[in-house]
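K.L.:
Pasting my_file06.txt below, which is compact mmCIF, C-alpha atoms.
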```
# COMPACT_ATOMS: atom_id res chain seq x y z
CA MET A 1 104.38 27.57 86.02
CA ILE A 2 106.39 27.82 89.23
CA SER A 3 105.00 26.62 92.51
CA LEU A 4 106.56 28.33 95.51
CA GLN A 5 106.51 26.90 98.98
CA PRO A 6 106.09 29.29 101.93
CA ASP A 7 109.48 28.24 103.34
CA ILE A 8 111.49 28.88 100.16
CA THR A 9 114.75 30.67 100.89
CA LEU A 10 116.07 33.83 99.30
CA GLU A 11 118.97 31.84 97.89
CA GLN A 12 116.56 29.44 96.17
CA LEU A 13 114.63 32.31 94.65
CA ALA A 14 117.78 34.00 93.36
CA PHE A 15 118.46 31.17 90.94
CA LEU A 16 115.20 31.72 89.05
CA SER A 17 115.20 33.74 85.84
CA VAL A 18 113.82 37.28 85.84
CA GLU A 19 110.77 36.08 83.90
CA SER A 20 110.19 33.23 86.37
CA LEU A 21 110.46 35.61 89.30
CA ILE A 22 107.91 37.96 87.73
CA GLU A 23 105.54 35.04 87.10
CA ALA A 24 106.08 33.76 90.64
CA TYR A 25 105.26 37.19 92.08
CA HIS A 26 101.91 37.21 90.29
CA THR A 27 100.96 33.65 91.26
CA CYS A 28 102.19 33.58 94.85
CA PRO A 29 99.67 34.49 97.57
CA ASN A 30 102.35 34.76 100.28
CA GLN A 31 103.33 38.40 100.81
CA ASN A 32 106.63 37.49 102.46
CA ILE A 33 107.67 35.58 99.36
CA GLN A 34 106.41 38.42 97.16
CA ALA A 35 108.58 40.81 99.17
CA ARG A 36 111.59 38.54 98.64
CA ILE A 37 110.92 38.41 94.91
CA ILE A 38 110.68 42.20 94.64
CA SER A 39 113.87 42.52 96.68
CA ILE A 40 115.74 40.18 94.32
CA LEU A 41 114.38 41.91 91.23
CA ALA A 42 115.28 45.32 92.65
CA GLU A 43 118.79 44.13 93.45
CA LEU A 44 119.25 42.63 89.98
CA GLY A 45 118.23 45.91 88.35
CA ASP A 46 117.12 44.12 85.18
CA ASP A 47 114.75 46.41 83.27
CA ARG A 48 112.55 43.44 82.29
CA ALA A 49 111.12 43.77 85.82
CA LEU A 50 110.60 47.54 85.57
CA ASP A 51 106.87 47.33 84.83
CA LEU A 52 106.30 45.06 87.83
CA LEU A 53 108.20 47.42 90.14
CA VAL A 54 106.25 50.39 88.76
CA GLU A 55 103.03 48.47 89.48
CA VAL A 56 104.15 47.60 93.01
CA VAL A 57 105.06 51.20 93.87
CA GLY A 58 101.50 52.21 93.01
CA VAL A 59 99.78 49.39 94.92
CA GLU A 60 97.20 50.41 97.52
CA VAL A 61 98.70 49.57 100.91
CA ALA A 62 96.68 47.32 103.16
CA ASN A 63 99.41 46.39 105.62
CA HIS A 64 102.99 47.05 106.70
CA CYS A 65 104.48 44.30 104.50
CA GLN A 66 103.03 45.90 101.36
CA GLY A 67 104.48 49.25 102.41
CA ASN A 68 107.93 47.67 102.67
CA ILE A 69 107.54 46.06 99.26
CA ARG A 70 106.63 49.44 97.75
CA ARG A 71 109.73 51.08 99.22
CA VAL A 72 112.04 48.31 97.98
CA ALA A 73 110.44 48.57 94.53
CA ALA A 74 110.96 52.34 94.49
CA ARG A 75 114.63 51.90 95.27
CA GLY A 76 114.99 49.21 92.61
CA LEU A 77 113.57 51.51 89.96
CA GLU A 78 116.61 53.80 90.19
CA LYS A 79 118.92 50.97 89.17
CA MET A 80 116.60 49.96 86.32
CA VAL A 81 116.27 53.49 84.94
CA ILE A 82 120.03 53.89 84.93
CA ALA A 83 120.50 50.50 83.22
CA THR A 84 117.76 50.70 80.59
CA THR A 85 118.24 51.96 77.07
CA ASP A 86 114.48 52.17 76.55
CA PRO A 87 113.34 55.79 77.02
CA GLU A 88 109.69 54.74 77.44
CA LYS A 89 110.55 52.41 80.32
CA SER A 90 112.69 55.09 81.87
CA GLN A 91 109.87 57.62 81.60
CA ARG A 92 107.33 55.21 83.16
CA ALA A 93 109.61 54.64 86.12
CA ILE A 94 110.38 58.35 86.58
CA TYR A 95 106.65 59.14 86.38
CA LYS A 96 105.82 56.54 89.07
CA LEU A 97 108.66 57.70 91.33
CA SER A 98 107.50 61.30 90.85
CA TRP A 99 103.95 60.27 91.69
CA ALA A 100 105.19 58.52 94.83
CA LEU A 101 107.26 61.53 95.90
CA LEU A 102 104.52 64.07 95.31
CA ASN A 103 101.40 62.09 96.27
CA ALA A 104 102.03 59.05 98.48
CA GLU A 105 100.84 59.23 102.07
CA ASP A 106 103.66 56.97 103.28
CA TRP A 107 106.57 59.25 104.19
CA ALA A 108 109.03 56.37 103.86
CA LEU A 109 107.88 55.72 100.29
CA ARG A 110 108.31 59.43 99.52
CA TYR A 111 111.81 59.21 101.00
CA ALA A 112 112.68 56.12 98.90
CA ALA A 113 111.31 57.83 95.78
CA ALA A 114 113.38 60.95 96.50
CA VAL A 115 116.57 58.93 96.91
CA SER A 116 115.88 57.01 93.68
CA LEU A 117 115.10 60.18 91.76
CA GLY A 118 118.26 61.74 93.15
CA GLY A 119 120.27 58.83 91.77
CA ILE A 120 118.70 59.28 88.34
CA ALA A 121 119.61 62.98 88.39
CA THR A 122 118.27 64.41 85.14
CA VAL A 123 117.11 67.98 84.57
CA GLU A 124 113.51 66.72 84.60
CA VAL A 125 114.09 64.90 87.89
CA ASN A 126 115.71 67.94 89.51
CA THR A 127 112.63 69.99 88.60
CA ILE A 128 110.45 67.37 90.28
CA LEU A 129 112.68 67.34 93.36
CA HIS A 130 112.49 71.15 93.63
CA GLN A 131 108.70 70.97 93.40
CA ALA A 132 108.62 68.26 96.07
CA MET A 133 110.81 70.30 98.38
CA THR A 134 108.34 73.17 98.34
CA GLN A 135 105.36 70.96 99.18
CA GLU A 136 106.92 68.31 101.46
CA SER A 137 105.70 68.42 105.05
CA ASP A 138 107.87 65.69 106.56
CA ARG A 139 111.17 67.07 107.87
CA VAL A 140 113.15 63.90 107.14
CA VAL A 141 111.99 63.68 103.52
CA LYS A 142 112.48 67.41 103.02
CA GLU A 143 116.03 67.20 104.41
CA ARG A 144 116.86 64.27 102.12
CA ILE A 145 115.62 66.25 99.11
CA ARG A 146 117.68 69.26 100.25
CA ILE A 147 120.78 67.07 100.47
CA ILE A 148 120.13 65.57 97.03
CA LEU A 149 119.72 69.02 95.50
CA ASN A 150 122.65 70.38 97.52
CA VAL A 151 120.74 73.50 98.54
```
Before we go any further, please render this structure as structure tokens.
P.N.:
Amino acid sequence: MISLQPDITLEQLAFLSVESLIEAYHTCPNQNIQARIISILAELGDDRALDLLVEVVGVEVANHCQGNIRRVAARGLEKMVIATTDPEKSQRAIYKLSWALLNAEDWALRYAAAVSLGGIATVEVNTILHQAMTQESDRVVKERIRIILNV
């Protein structure tokens, strides 16, 4: 079990294993540290953290920090989908990103999901992006989707 201090630095966290970071995320009550952990995991792109990032994208937002964590997780999922050889993991991530794009109230999360889906760029994803473009009300998100689809 890892015990994290509130003043732990990003550099100190980066030396932990993926499994240790996942465990630390679940046991740490400090949202700033949780955000750092998600940021590191997203940057690493290791698909062992995919389920945690999927969970974080779907978390009910209670404050601004959680919203930021969700957006970072959404961006990290792109890297993990591209890196994984497990089609089930890939599908779970694409489903959660699609959910975020089509259903999330947070426009910035929808934007992050669109960018991640655009990076994945499969036929299935392009269908989802076209659907999102027809229903998206935010001009910034809609423009990003238009750019991704090159329409």
K.L.:
May I have the residues within 12 Å of Glu136 in chain A as a list in words, using only C-alpha atoms and disregarding those fewer than 3 positions away in the same chain?
P.N.:
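With the cut-off at 12 Å, the set is Ala100, Leu101, Leu102, Asn103, Ala104, Glu105, Asp106, Trp107, Arg110, Tyr111, Ala114, Ile128, Leu129, His130, Gln131, Ala132, Met133, Arg139, Val140, Val141, Lys142, Glu143, Arg144, Ile145 and Arg146 of chain A.
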K.L.:
Write out as number ranges by chain which residues come within 9 Å of Lys96 in chain A when counting all atoms listed in the file, dropping same-chain ones fewer than 5 positions away.
P.N.:
A: 54-55, 57-58, 74, 91, 101, 113
K.L.:
Between A:Gln31, A:Tyr25, A:Gly118, A:Arg48, which residue has the minimum interatomic distance to Thr85 in chain A, considering only C-alpha atoms?
P.N.:
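Distance minimum relative to Thr85 in chain A lands on A:Arg48.
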K.L.:
Just the residues within 9 Å of Gly119 in chain A, please, counting all atoms listed in the file, with nothing from its chain fewer than 2 positions along; format it as a list in words.
P.N.:
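Selected residues are Glu78, Lys79, Ile82, Ala114, Val115, Ser116, Leu117, Ala121, Thr122 and Ile148 of chain A.
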K.L.:
Nearest to Ile120 in chain A: which of A:Thr134, A:Ser39, A:Thr84, A:Asn150 is it, counting only C-alpha atoms?
P.N.:
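That would be A:Thr84, the residue with the smallest distance to Ile120 in chain A.
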K.L.:
Just give me the gap between CA of Gly45 in chain A and CA of Asp138 in chain A in Å, one decimal is fine.
P.N.:
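Computing the Euclidean distance for CA of Gly45 in chain A and CA of Asp138 in chain A yields 28.8 Å.
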K.L.:
Mind rebuilding range 95-121 of chain A with N, CA, C and O atoms and writing that out as an mmCIF file, in the coordinates of the input?
P.N.:
```
data_model
loop_
_atom_site.group_PDB
_atom_site.id
_atom_site.type_symbol
_atom_site.label_atom_id
_atom_site.label_comp_id
_atom_site.auth_asym_id
_atom_site.auth_seq_id
_atom_site.Cartn_x
_atom_site.Cartn_y
_atom_site.Cartn_z
ATOM 1 N N TYR A 95 108.011 58.674 86.091
ATOM 2 C CA TYR A 95 106.650 59.140 86.380
ATOM 3 C C TYR A 95 106.140 58.522 87.675
ATOM 4 O O TYR A 95 105.579 59.221 88.524
ATOM 5 N N LYS A 96 106.337 57.205 87.856
ATOM 6 C CA LYS A 96 105.820 56.540 89.070
ATOM 7 C C LYS A 96 106.581 57.014 90.299
ATOM 8 O O LYS A 96 105.987 57.230 91.356
ATOM 9 N N LEU A 97 107.892 57.185 90.187
ATOM 10 C CA LEU A 97 108.660 57.700 91.330
ATOM 11 C C LEU A 97 108.226 59.129 91.662
ATOM 12 O O LEU A 97 108.117 59.492 92.835
ATOM 13 N N SER A 98 107.968 59.929 90.635
ATOM 14 C CA SER A 98 107.500 61.300 90.850
ATOM 15 C C SER A 98 106.136 61.291 91.539
ATOM 16 O O SER A 98 105.897 62.063 92.471
ATOM 17 N N TRP A 99 105.269 60.412 91.064
ATOM 18 C CA TRP A 99 103.950 60.270 91.690
ATOM 19 C C TRP A 99 104.112 59.921 93.161
ATOM 20 O O TRP A 99 103.468 60.520 94.027
ATOM 21 N N ALA A 100 104.982 58.947 93.447
ATOM 22 C CA ALA A 100 105.190 58.520 94.830
ATOM 23 C C ALA A 100 105.729 59.660 95.684
ATOM 24 O O ALA A 100 105.280 59.872 96.815
ATOM 25 N N LEU A 101 106.672 60.415 95.153
ATOM 26 C CA LEU A 101 107.260 61.530 95.900
ATOM 27 C C LEU A 101 106.245 62.631 96.166
ATOM 28 O O LEU A 101 106.203 63.204 97.252
ATOM 29 N N LEU A 102 105.429 62.929 95.191
ATOM 30 C CA LEU A 102 104.520 64.070 95.310
ATOM 31 C C LEU A 102 103.155 63.733 95.888
ATOM 32 O O LEU A 102 102.448 64.627 96.356
ATOM 33 N N ASN A 103 102.770 62.428 95.892
ATOM 34 C CA ASN A 103 101.400 62.090 96.270
ATOM 35 C C ASN A 103 101.217 61.009 97.327
ATOM 36 O O ASN A 103 100.145 60.923 97.919
ATOM 37 N N ALA A 104 102.209 60.171 97.546
ATOM 38 C CA ALA A 104 102.030 59.050 98.480
ATOM 39 C C ALA A 104 101.876 59.555 99.914
ATOM 40 O O ALA A 104 102.526 60.517 100.317
ATOM 41 N N GLU A 105 101.023 58.882 100.657
ATOM 42 C CA GLU A 105 100.840 59.230 102.070
ATOM 43 C C GLU A 105 101.986 58.713 102.928
ATOM 44 O O GLU A 105 102.320 59.307 103.944
ATOM 45 N N ASP A 106 102.583 57.622 102.539
ATOM 46 C CA ASP A 106 103.660 56.970 103.280
ATOM 47 C C ASP A 106 104.950 57.787 103.154
ATOM 48 O O ASP A 106 105.553 57.863 102.085
ATOM 49 N N TRP A 107 105.377 58.405 104.244
ATOM 50 C CA TRP A 107 106.570 59.250 104.190
ATOM 51 C C TRP A 107 107.800 58.447 103.787
ATOM 52 O O TRP A 107 108.678 58.957 103.090
ATOM 53 N N ALA A 108 107.871 57.183 104.189
ATOM 54 C CA ALA A 108 109.030 56.370 103.860
ATOM 55 C C ALA A 108 109.069 56.051 102.354
ATOM 56 O O ALA A 108 110.147 55.954 101.770
ATOM 57 N N LEU A 109 107.918 55.913 101.738
ATOM 58 C CA LEU A 109 107.880 55.720 100.290
ATOM 59 C C LEU A 109 108.312 57.008 99.589
ATOM 60 O O LEU A 109 109.056 56.959 98.613
ATOM 61 N N ARG A 110 107.868 58.159 100.106
ATOM 62 C CA ARG A 110 108.310 59.430 99.520
ATOM 63 C C ARG A 110 109.816 59.566 99.639
ATOM 64 O O ARG A 110 110.498 60.010 98.712
ATOM 65 N N TYR A 111 110.362 59.158 100.778
ATOM 66 C CA TYR A 111 111.810 59.210 101.000
ATOM 67 C C TYR A 111 112.526 58.308 99.994
ATOM 68 O O TYR A 111 113.496 58.731 99.351
ATOM 69 N N ALA A 112 112.068 57.064 99.840
ATOM 70 C CA ALA A 112 112.680 56.120 98.900
ATOM 71 C C ALA A 112 112.599 56.664 97.472
ATOM 72 O O ALA A 112 113.566 56.561 96.702
ATOM 73 N N ALA A 113 111.471 57.253 97.120
ATOM 74 C CA ALA A 113 111.310 57.830 95.780
ATOM 75 C C ALA A 113 112.278 58.988 95.581
ATOM 76 O O ALA A 113 112.889 59.121 94.514
ATOM 77 N N ALA A 114 112.446 59.821 96.598
ATOM 78 C CA ALA A 114 113.380 60.950 96.500
ATOM 79 C C ALA A 114 114.805 60.460 96.285
ATOM 80 O O ALA A 114 115.526 60.980 95.429
ATOM 81 N N VAL A 115 115.215 59.457 97.043
ATOM 82 C CA VAL A 115 116.570 58.930 96.910
ATOM 83 C C VAL A 115 116.762 58.347 95.510
ATOM 84 O O VAL A 115 117.795 58.582 94.863
ATOM 85 N N SER A 116 115.773 57.597 95.020
ATOM 86 C CA SER A 116 115.880 57.010 93.680
ATOM 87 C C SER A 116 115.930 58.095 92.609
ATOM 88 O O SER A 116 116.746 58.022 91.689
ATOM 89 N N LEU A 117 115.076 59.086 92.728
ATOM 90 C CA LEU A 117 115.100 60.180 91.760
ATOM 91 C C LEU A 117 116.430 60.922 91.814
ATOM 92 O O LEU A 117 116.979 61.312 90.784
ATOM 93 N N GLY A 118 116.964 61.093 93.007
ATOM 94 C CA GLY A 118 118.260 61.740 93.150
ATOM 95 C C GLY A 118 119.370 60.974 92.453
ATOM 96 O O GLY A 118 120.293 61.559 91.895
ATOM 97 N N GLY A 119 119.280 59.655 92.455
ATOM 98 C CA GLY A 119 120.270 58.830 91.770
ATOM 99 C C GLY A 119 120.136 58.888 90.261
ATOM 100 O O GLY A 119 121.110 58.690 89.539
ATOM 101 N N ILE A 120 118.937 59.169 89.783
ATOM 102 C CA ILE A 120 118.700 59.280 88.340
ATOM 103 C C ILE A 120 119.239 60.612 87.827
ATOM 104 O O ILE A 120 119.863 60.686 86.778
ATOM 105 N N ALA A 121 118.996 61.664 88.585
ATOM 106 C CA ALA A 121 119.610 62.980 88.390
ATOM 107 C C ALA A 121 119.589 63.538 86.967
ATOM 108 O O ALA A 121 120.626 63.847 86.399
#
```
